[in-house]
Amino acid sequence: RGRCRQRWHCHRVVLSRLADAATPLWRLPYAEQLQVKYQSQEKILRVLASRLKEVGTDVHKPGGLCCPLRPIVPSPVINGYRNKSSFSVNRGPDGNPKTVGLYVGTGRARNIVCVRADRMENIPAKHKQVAQRYEQFLRLSPLEPCILFHRGGHWRELIVRTNGRGHTMAIVTFHPQQLGQEALAAQKASLKDFFTSGPGAVCALTSLYFQESTMTRCSHEQSPYQLLFGEQHIFEEMLGLKFRISPDAFFQVNTRGAEVLYQEIGKLSQAAGDTVLLDVCCGTGEQQPNPPCSPHPLSRVIGIEIVEKAVEDARWNAAFNGISNCEFHAGKAESVLPPLLSAWQDERPLVAVVNPSRAGLHHRVVRAIRNCRAIRRLLYVSCKPEGEAMRNFLELCCPADARRELAAEPFAPALAVPLDMFPHTEHCELLLLLTR
C-alpha cells in the first residue's frame with residue numbers, strides 16, 4: 001500500500017510538471033493571467049518603439065510604447081477551449097514506450113518523458129479520451145512505436161479535432177518502414193476495428209484518418225490522408241457562417257475566441273462597401289466578407305494560403321455561405337503575392353490582413369506589402385509578436401531602405417489590441433494596426 005501511495009504521488013508530480021511546462025499560468029486566477037499577459041504586451045511594444053528609434057523612426061507614446069495599447073480582450077471560454085490537440089508517442093514516466101501524451105523535459109538534457117494530458121486545463125475531455133484509447137490500442141498492438149526514425153517502429157502521433165457540436169476527427173500518423181501493402185492494410189483494419197467496434201468505439205469518432213509518413217511533418221500532397229471511416233471533413237459554425245475544415249487545414253484553435261478576433265479585425269479595418277480585403281495566410285477563409293470581418297459588405301476578398309486543401313475548403317465555404325466575391329490562391333505567399341501586388345491597378349481602397357505562423361512573413365511578402373502604395377491599413381495578427389514578427393514590424397515601419405528594396409512610405413503603429421486566445425498559457429494574440 002505504501003508503494004502504491006508513493007507511485008500515485010510521483011504520478012501527480014509528473015502531471016503537475018507537464019501542466020506547469022505547457023500551461024504555466026494555470027494555477028493563477030484568470031484575472032491575474034490577463035494582467036500577466038497585458039504586461040508582456042506592454043514590454044513588446046516598448047521594445048518595438050526602442051528598435052524603431054534605433055533605425056531612425058521615433059514613435060514613442062506615453063509609457064514608452066510605440067502606439068496606444070487597449071485593455072486585453074478575455075477569451076469567452078477559459079477551460080477546454082482547444083478544438084485541435086496533438087499528442088506524441090514516447091516513453092512515459094514508467095518507461096513504457098507506448099505512452100500517448102505531451103512532452104516534459106528537453107532533448108539536450110536527455111530527460112524527455114511523455115506524460116498523459118490529464119491535468120491540462122486547455123485540452124477538452126473528448127481529446128483526452130481519444131488519446132487514452134489510442135494509448136490502449138498501441139499497448140495491444142504487436143507493432144512498436146516509432147520514437148526515432150532510424151531505430152524503426154511504426155505508431156506515431158495522434159491529432160484530434162472537434163467542433164462546437166462535439167463531432168470528433170482523429171488522425172493517426174504511421175511510419176511504414178518496410179511493411180508491404182498487405183501488412184499496412186492489416187494495421188489500418190485493426191485501427192478501424194478498434195475505434196468502430198472495439199474499446200475505442202466509446203469515443204464516437206465522426207471520422208478517422210490514417211497517414212503514412214516518413215518525415216516529422218508531412219503534407220497531404222506529400223502523403224495523402226487516408227480516410228478509414230466517417231466524414232471527410234469536420235464543420236464549424238462561427239458568426240453565422242458554416243466552415244468546412246480538412247484534416248490539415250489551419251483553423252484558429254479557440255473557436256469562440258476567433259469570433260472575437262475577427263469582429264475586432266472588422267472594426268479596425270474600417271472597410272466600406274468599396275473596400276478590397278487582402279487576406280494573407282487565410283486558412284479556410286474564416287475572414288469571409290460581411291459578418292465576420294466587416295460591418296459593411298466588402299467589394300472583394302483575395303485570400304492566399306499555402307495548404308491546398310485549406311484553399312479547397314475556403315472556396316467551398318464561400319460558395320456554401322452564398323458569398324460570390326471571394327477568390328483564393330493556393331501557394332506560398334512569397335510566390336503569389338509579389339506579382340499580384342506589383343500589377344495592382346484597382347482604385348478601390350485596399351486593406352491587408354496577415355496572420356502568419358510563428359515564423360513570420362517572408363521578406364518578399366513584407367517587401368510586396370510595403371511597396372504597394374494602395375495599402376494604407378495593415379492588420380498584423382501574431383501569437384508571438386516578440387519573435388520573427390518583430391522583424392516584420394521593423395521592415396514595415398523603418399525608413400526607406402534601397403538595399404533591402406523597401407522603397408515606399410513606411411507604415412506606423414497606430415493601435416495594439418491584445419486578445420487572449422490561449423488561457424493558462426503565456427501566449428497572447430496581438431492585433432497590431434499599422435497605417436500610413
# chains A, B, ... in the order shown; residues from 1 in each chain; ligands from 1

$ select_by_dssp --residues "range 107-180 of chain A" --states "alpha helix (DSSP H)" --output "NGL selection string"
:A and (125-140)

$ write_last_selection --atoms "N, CA, C and O atoms" --output "PDB file, in the first residue's frame"
ATOM      1  N   ALA A 125     -12.079  17.328 -22.562  1.00  0.00           N
ATOM      2  CA  ALA A 125     -12.147  15.934 -22.105  1.00  0.00           C
ATOM      3  C   ALA A 125     -12.218  14.963 -23.271  1.00  0.00           C
ATOM      4  O   ALA A 125     -11.664  13.863 -23.199  1.00  0.00           O
ATOM      5  N   LYS A 126     -12.893  15.339 -24.352  1.00  0.00           N
ATOM      6  CA  LYS A 126     -13.005  14.452 -25.509  1.00  0.00           C
ATOM      7  C   LYS A 126     -11.641  14.148 -26.107  1.00  0.00           C
ATOM      8  O   LYS A 126     -11.346  12.999 -26.466  1.00  0.00           O
ATOM      9  N   HIS A 127     -10.773  15.141 -26.221  1.00  0.00           N
ATOM     10  CA  HIS A 127      -9.438  14.924 -26.757  1.00  0.00           C
ATOM     11  C   HIS A 127      -8.647  13.962 -25.871  1.00  0.00           C
ATOM     12  O   HIS A 127      -7.939  13.080 -26.360  1.00  0.00           O
ATOM     13  N   LYS A 128      -8.768  14.151 -24.556  1.00  0.00           N
ATOM     14  CA  LYS A 128      -8.065  13.283 -23.613  1.00  0.00           C
ATOM     15  C   LYS A 128      -8.576  11.849 -23.724  1.00  0.00           C
ATOM     16  O   LYS A 128      -7.799  10.888 -23.642  1.00  0.00           O
ATOM     17  N   GLN A 129      -9.870  11.711 -23.911  1.00  0.00           N
ATOM     18  CA  GLN A 129     -10.455  10.374 -24.030  1.00  0.00           C
ATOM     19  C   GLN A 129      -9.912   9.641 -25.258  1.00  0.00           C
ATOM     20  O   GLN A 129      -9.535   8.467 -25.188  1.00  0.00           O
ATOM     21  N   VAL A 130      -9.854  10.345 -26.410  1.00  0.00           N
ATOM     22  CA  VAL A 130      -9.344   9.712 -27.630  1.00  0.00           C
ATOM     23  C   VAL A 130      -7.880   9.334 -27.449  1.00  0.00           C
ATOM     24  O   VAL A 130      -7.438   8.251 -27.860  1.00  0.00           O
ATOM     25  N   ALA A 131      -7.096  10.202 -26.790  1.00  0.00           N
ATOM     26  CA  ALA A 131      -5.677   9.916 -26.559  1.00  0.00           C
ATOM     27  C   ALA A 131      -5.512   8.682 -25.668  1.00  0.00           C
ATOM     28  O   ALA A 131      -4.645   7.831 -25.911  1.00  0.00           O
ATOM     29  N   GLN A 132      -6.343   8.578 -24.648  1.00  0.00           N
ATOM     30  CA  GLN A 132      -6.258   7.411 -23.747  1.00  0.00           C
ATOM     31  C   GLN A 132      -6.600   6.121 -24.474  1.00  0.00           C
ATOM     32  O   GLN A 132      -5.961   5.085 -24.270  1.00  0.00           O
ATOM     33  N   ARG A 133      -7.601   6.173 -25.350  1.00  0.00           N
ATOM     34  CA  ARG A 133      -7.978   4.979 -26.107  1.00  0.00           C
ATOM     35  C   ARG A 133      -6.917   4.629 -27.145  1.00  0.00           C
ATOM     36  O   ARG A 133      -6.657   3.443 -27.391  1.00  0.00           O
ATOM     37  N   TYR A 134      -6.308   5.639 -27.740  1.00  0.00           N
ATOM     38  CA  TYR A 134      -5.220   5.365 -28.691  1.00  0.00           C
ATOM     39  C   TYR A 134      -4.054   4.690 -27.967  1.00  0.00           C
ATOM     40  O   TYR A 134      -3.443   3.751 -28.486  1.00  0.00           O
ATOM     41  N   GLU A 135      -3.761   5.139 -26.756  1.00  0.00           N
ATOM     42  CA  GLU A 135      -2.715   4.501 -25.960  1.00  0.00           C
ATOM     43  C   GLU A 135      -3.081   3.043 -25.684  1.00  0.00           C
ATOM     44  O   GLU A 135      -2.219   2.148 -25.759  1.00  0.00           O
ATOM     45  N   GLN A 136      -4.343   2.794 -25.376  1.00  0.00           N
ATOM     46  CA  GLN A 136      -4.790   1.417 -25.150  1.00  0.00           C
ATOM     47  C   GLN A 136      -4.587   0.575 -26.406  1.00  0.00           C
ATOM     48  O   GLN A 136      -4.123  -0.570 -26.337  1.00  0.00           O
ATOM     49  N   PHE A 137      -4.909   1.158 -27.566  1.00  0.00           N
ATOM     50  CA  PHE A 137      -4.715   0.441 -28.831  1.00  0.00           C
ATOM     51  C   PHE A 137      -3.239   0.099 -29.047  1.00  0.00           C
ATOM     52  O   PHE A 137      -2.892  -1.031 -29.434  1.00  0.00           O
ATOM     53  N   LEU A 138      -2.372   1.067 -28.798  1.00  0.00           N
ATOM     54  CA  LEU A 138      -0.929   0.850 -29.000  1.00  0.00           C
ATOM     55  C   LEU A 138      -0.433  -0.299 -28.123  1.00  0.00           C
ATOM     56  O   LEU A 138       0.396  -1.116 -28.557  1.00  0.00           O
ATOM     57  N   ARG A 139      -0.904  -0.341 -26.906  1.00  0.00           N
ATOM     58  CA  ARG A 139      -0.417  -1.372 -25.971  1.00  0.00           C
ATOM     59  C   ARG A 139      -0.955  -2.763 -26.306  1.00  0.00           C
ATOM     60  O   ARG A 139      -0.414  -3.758 -25.847  1.00  0.00           O
ATOM     61  N   LEU A 140      -1.990  -2.792 -27.133  1.00  0.00           N
ATOM     62  CA  LEU A 140      -2.492  -4.079 -27.625  1.00  0.00           C
ATOM     63  C   LEU A 140      -1.837  -4.476 -28.949  1.00  0.00           C
ATOM     64  O   LEU A 140      -1.858  -5.645 -29.322  1.00  0.00           O
TER      65      LEU A 140
END

$ select_by_dssp --residues "range 168-381 of chain A" --states "strand (DSSP E)" --output "MDAnalysis selection string"
chainID A and resid 168:174 207:212 226:230 234:238 241:245 276:280 300:305 326:330 350:354 375:381

$ residues_around --residues "Lys242 in chain A" --least-positions-apart "6" --cutoff "9 Å" --atoms "only C-alpha atoms" --output "PDB file with N, CA, C and O atoms, in the first residue's frame"
ATOM      1  N   PHE A 235     -17.021  20.218 -39.556  1.00  0.00           N
ATOM      2  CA  PHE A 235     -17.653  21.506 -39.865  1.00  0.00           C
ATOM      3  C   PHE A 235     -17.797  22.322 -38.583  1.00  0.00           C
ATOM      4  O   PHE A 235     -18.083  21.787 -37.516  1.00  0.00           O
ATOM      5  N   GLU A 236     -17.601  23.636 -38.734  1.00  0.00           N
ATOM      6  CA  GLU A 236     -17.731  24.524 -37.584  1.00  0.00           C
ATOM      7  C   GLU A 236     -18.592  25.717 -37.966  1.00  0.00           C
ATOM      8  O   GLU A 236     -18.566  26.172 -39.123  1.00  0.00           O
ATOM      9  N   ASN A 317     -16.461  26.938 -48.588  1.00  0.00           N
ATOM     10  CA  ASN A 317     -17.102  27.744 -47.554  1.00  0.00           C
ATOM     11  C   ASN A 317     -17.763  28.982 -48.146  1.00  0.00           C
ATOM     12  O   ASN A 317     -18.885  29.339 -47.775  1.00  0.00           O
ATOM     13  N   PHE A 320     -20.858  27.801 -50.129  1.00  0.00           N
ATOM     14  CA  PHE A 320     -21.923  27.317 -49.251  1.00  0.00           C
ATOM     15  C   PHE A 320     -22.622  28.468 -48.552  1.00  0.00           C
ATOM     16  O   PHE A 320     -23.842  28.441 -48.351  1.00  0.00           O
ATOM     17  N   ASN A 321     -21.858  29.486 -48.158  1.00  0.00           N
ATOM     18  CA  ASN A 321     -22.427  30.620 -47.435  1.00  0.00           C
ATOM     19  C   ASN A 321     -22.964  31.700 -48.358  1.00  0.00           C
ATOM     20  O   ASN A 321     -23.331  32.790 -47.907  1.00  0.00           O
TER      21      ASN A 321
END

$ closest_residue --among "A:Cys218, A:Ala408, A:Leu205, A:Ile44" --to "Leu69 in chain A" --atoms "only C-alpha atoms"
A:Ile44

$ closest_residue --among "A:Gln222, A:Asp248, A:Asn90, A:Leu228" --to "Arg161 in chain A" --atoms "only C-alpha atoms"
A:Asp248

$ residues_around --residues "Leu433 in chain A" --least-positions-apart "3" --cutoff "6 Å" --atoms "only C-alpha atoms" --output "list in words"
Leu378, Leu379, Ala414 and Leu415 of chain A

$ atom_distance --atom1 "CA of Tyr38 in chain A" --atom2 "CA of Ala359 in chain A"
22.5 Å

$ closest_residue --among "A:Leu350, A:Leu298, A:Leu15, A:Cys66" --to "Arg51 in chain A" --atoms "only C-alpha atoms"
A:Cys66

$ atom_distance --atom1 "CA of Gln181 in chain A" --atom2 "CA of Glu308 in chain A"
27.1 Å

$ residues_around --residues "Val104 in chain A" --least-positions-apart "3" --cutoff "8 Å" --atoms "only C-alpha atoms" --output "PDB file with N, CA and C atoms, in the first residue's frame"
ATOM      1  N   ARG A  17       4.051  18.777 -13.405  1.00  0.00           N
ATOM      2  CA  ARG A  17       5.199  19.290 -14.172  1.00  0.00           C
ATOM      3  C   ARG A  17       4.804  19.585 -15.600  1.00  0.00           C
ATOM      4  N   LEU A  18       4.010  18.698 -16.201  1.00  0.00           N
ATOM      5  CA  LEU A  18       3.545  18.917 -17.565  1.00  0.00           C
ATOM      6  C   LEU A  18       2.672  20.157 -17.634  1.00  0.00           C
ATOM      7  N   ALA A  21       4.707  23.229 -17.410  1.00  0.00           N
ATOM      8  CA  ALA A  21       5.530  23.484 -18.592  1.00  0.00           C
ATOM      9  C   ALA A  21       4.693  23.987 -19.763  1.00  0.00           C
ATOM     10  N   ASN A 111      16.162  14.212 -20.852  1.00  0.00           N
ATOM     11  CA  ASN A 111      15.230  13.816 -19.799  1.00  0.00           C
ATOM     12  C   ASN A 111      13.779  13.900 -20.276  1.00  0.00           C
ATOM     13  N   ILE A 112      13.572  13.742 -21.578  1.00  0.00           N
ATOM     14  CA  ILE A 112      12.224  13.820 -22.128  1.00  0.00           C
ATOM     15  C   ILE A 112      11.399  12.607 -21.689  1.00  0.00           C
ATOM     16  N   VAL A 113      10.202  12.890 -21.219  1.00  0.00           N
ATOM     17  CA  VAL A 113       9.226  11.833 -20.960  1.00  0.00           C
ATOM     18  C   VAL A 113       7.897  12.296 -21.543  1.00  0.00           C
ATOM     19  N   CYS A 114       7.077  11.336 -21.911  1.00  0.00           N
ATOM     20  CA  CYS A 114       5.758  11.618 -22.469  1.00  0.00           C
ATOM     21  C   CYS A 114       4.729  11.434 -21.357  1.00  0.00           C
ATOM     22  N   VAL A 115       3.963  12.474 -21.092  1.00  0.00           N
ATOM     23  CA  VAL A 115       3.042  12.469 -19.958  1.00  0.00           C
ATOM     24  C   VAL A 115       1.611  12.655 -20.454  1.00  0.00           C
TER      25      VAL A 115
END

$ residues_around --residues "Asp20 in chain A" --least-positions-apart "5" --cutoff "10 Å" --atoms "only C-alpha atoms" --output "number ranges by chain"
A: 14-15, 25-27, 104, 119-120, 424-425

$ write_last_selection --atoms "N, CA, C and O atoms" --output "short mmCIF file (atom, residue, chain, number, x, y, z; two decimals), in the first residue's frame"
data_model
loop_
_atom_site.label_atom_id
_atom_site.label_comp_id
_atom_site.auth_asym_id
_atom_site.auth_seq_id
_atom_site.Cartn_x
_atom_site.Cartn_y
_atom_site.Cartn_z
N VAL A 14 4.43 14.41 -11.76
CA VAL A 14 4.75 14.48 -13.18
C VAL A 14 3.64 15.19 -13.95
O VAL A 14 3.91 16.00 -14.84
N LEU A 15 2.37 14.89 -13.62
CA LEU A 15 1.27 15.58 -14.27
C LEU A 15 1.33 17.09 -14.02
O LEU A 15 1.08 17.89 -14.92
N LEU A 25 0.47 29.29 -16.51
CA LEU A 25 -0.36 30.21 -15.73
C LEU A 25 -1.59 29.53 -15.14
O LEU A 25 -2.44 30.20 -14.54
N TRP A 26 -1.69 28.22 -15.26
CA TRP A 26 -2.92 27.53 -14.89
C TRP A 26 -3.27 27.63 -13.41
O TRP A 26 -4.44 27.50 -13.04
N ARG A 27 -2.29 27.88 -12.56
CA ARG A 27 -2.57 27.99 -11.13
C ARG A 27 -3.11 29.36 -10.74
O ARG A 27 -3.61 29.55 -9.63
N VAL A 104 7.57 16.40 -21.56
CA VAL A 104 8.18 17.16 -20.47
C VAL A 104 9.67 16.90 -20.55
O VAL A 104 10.09 15.75 -20.75
N ARG A 119 -4.01 16.61 -16.63
CA ARG A 119 -4.09 17.86 -15.87
C ARG A 119 -4.17 19.11 -16.76
O ARG A 119 -4.21 20.22 -16.24
N MET A 120 -4.17 18.93 -18.06
CA MET A 120 -4.14 20.08 -18.96
C MET A 120 -5.51 20.74 -19.03
O MET A 120 -6.46 20.18 -19.57
N HIS A 424 -4.38 30.11 -19.72
CA HIS A 424 -3.49 29.24 -18.93
C HIS A 424 -2.07 29.19 -19.49
O HIS A 424 -1.16 28.73 -18.80
N THR A 425 -1.87 29.65 -20.73
CA THR A 425 -0.52 29.70 -21.29
C THR A 425 -0.01 31.14 -21.21
O THR A 425 -0.76 32.06 -20.86
#

$ decode --residues "range 388-399 of chain A" --atoms "all heavy atoms" --output "CSV table (one decimal), in the first residue's frame"
chain,number,residue,atom,x,y,z
A,388,GLU,N,9.7,36.3,-34.6
A,388,GLU,CA,10.0,36.8,-36.0
A,388,GLU,C,9.1,37.9,-36.5
A,388,GLU,O,9.4,38.7,-37.4
A,388,GLU,CB,9.9,35.6,-37.0
A,388,GLU,CG,11.1,34.6,-36.8
A,388,GLU,CD,12.4,35.2,-37.1
A,388,GLU,OE1,12.6,35.9,-38.1
A,388,GLU,OE2,13.3,35.1,-36.2
A,389,ALA,N,7.9,38.0,-35.9
A,389,ALA,CA,7.0,39.1,-36.2
A,389,ALA,C,7.7,40.4,-35.9
A,389,ALA,O,7.4,41.4,-36.7
A,389,ALA,CB,5.7,39.0,-35.4
A,390,MET,N,8.5,40.5,-34.9
A,390,MET,CA,9.2,41.8,-34.6
A,390,MET,C,10.1,42.2,-35.8
A,390,MET,O,10.1,43.4,-36.1
A,390,MET,CB,10.1,41.6,-33.4
A,390,MET,CG,10.8,42.9,-32.9
A,390,MET,SD,9.7,44.1,-32.3
A,390,MET,CE,9.2,43.4,-30.7
A,391,ARG,N,10.7,41.3,-36.5
A,391,ARG,CA,11.5,41.6,-37.7
A,391,ARG,C,10.6,42.2,-38.8
A,391,ARG,O,10.9,43.2,-39.4
A,391,ARG,CB,12.2,40.3,-38.2
A,391,ARG,CG,12.8,40.5,-39.6
A,391,ARG,CD,13.5,39.2,-40.0
A,391,ARG,NE,12.6,38.0,-39.9
A,391,ARG,CZ,11.7,37.7,-40.9
A,391,ARG,NH1,11.7,38.5,-42.0
A,391,ARG,NH2,11.0,36.6,-40.8
A,392,ASN,N,9.4,41.6,-38.9
A,392,ASN,CA,8.4,42.1,-39.9
A,392,ASN,C,8.0,43.5,-39.6
A,392,ASN,O,7.9,44.4,-40.4
A,392,ASN,CB,7.2,41.2,-39.9
A,392,ASN,CG,7.5,39.8,-40.5
A,392,ASN,OD1,6.7,38.9,-40.3
A,392,ASN,ND2,8.6,39.6,-41.2
A,393,PHE,N,7.7,43.8,-38.3
A,393,PHE,CA,7.3,45.1,-37.9
A,393,PHE,C,8.3,46.2,-38.2
A,393,PHE,O,8.0,47.2,-38.7
A,393,PHE,CB,7.0,45.2,-36.3
A,393,PHE,CG,6.0,44.2,-35.8
A,393,PHE,CD1,6.0,43.8,-34.5
A,393,PHE,CD2,4.9,43.8,-36.7
A,393,PHE,CE1,5.0,42.9,-34.0
A,393,PHE,CE2,3.9,42.9,-36.2
A,393,PHE,CZ,4.0,42.5,-34.9
A,394,LEU,N,9.6,45.8,-38.0
A,394,LEU,CA,10.7,46.8,-38.2
A,394,LEU,C,10.8,47.0,-39.7
A,394,LEU,O,11.0,48.2,-40.1
A,394,LEU,CB,12.0,46.2,-37.7
A,394,LEU,CG,12.1,46.1,-36.2
A,394,LEU,CD1,13.3,45.4,-35.7
A,394,LEU,CD2,12.1,47.5,-35.5
A,395,GLU,N,10.7,46.0,-40.6
A,395,GLU,CA,10.8,46.2,-42.0
A,395,GLU,C,9.6,47.0,-42.6
A,395,GLU,O,9.8,47.8,-43.5
A,395,GLU,CB,10.9,44.9,-42.7
A,395,GLU,CG,12.2,44.1,-42.4
A,395,GLU,CD,12.3,42.8,-43.1
A,395,GLU,OE1,11.2,42.2,-43.5
A,395,GLU,OE2,13.4,42.3,-43.4
A,396,LEU,N,8.4,46.8,-42.0
A,396,LEU,CA,7.3,47.5,-42.4
A,396,LEU,C,7.3,49.0,-42.0
A,396,LEU,O,6.7,49.9,-42.7
A,396,LEU,CB,6.0,46.9,-41.9
A,396,LEU,CG,5.6,45.5,-42.5
A,396,LEU,CD1,4.6,44.8,-41.6
A,396,LEU,CD2,5.1,45.7,-43.9
A,397,CYS,N,7.9,49.3,-40.9
A,397,CYS,CA,7.9,50.7,-40.3
A,397,CYS,C,9.2,51.5,-40.4
A,397,CYS,O,9.2,52.6,-40.0
A,397,CYS,CB,7.4,50.6,-38.8
A,397,CYS,SG,5.8,49.8,-38.6
A,398,CYS,N,10.3,50.9,-40.9
A,398,CYS,CA,11.5,51.6,-40.9
A,398,CYS,C,11.5,52.6,-42.1
A,398,CYS,O,10.7,52.5,-43.0
A,398,CYS,CB,12.7,50.6,-41.0
A,398,CYS,SG,12.8,49.8,-42.6
A,399,PRO,N,12.5,53.5,-42.1
A,399,PRO,CA,12.6,54.5,-43.2
A,399,PRO,C,12.9,53.7,-44.5
A,399,PRO,O,13.4,52.5,-44.4
A,399,PRO,CB,13.8,55.4,-42.8
A,399,PRO,CG,13.8,55.3,-41.3
A,399,PRO,CD,13.4,53.9,-41.0
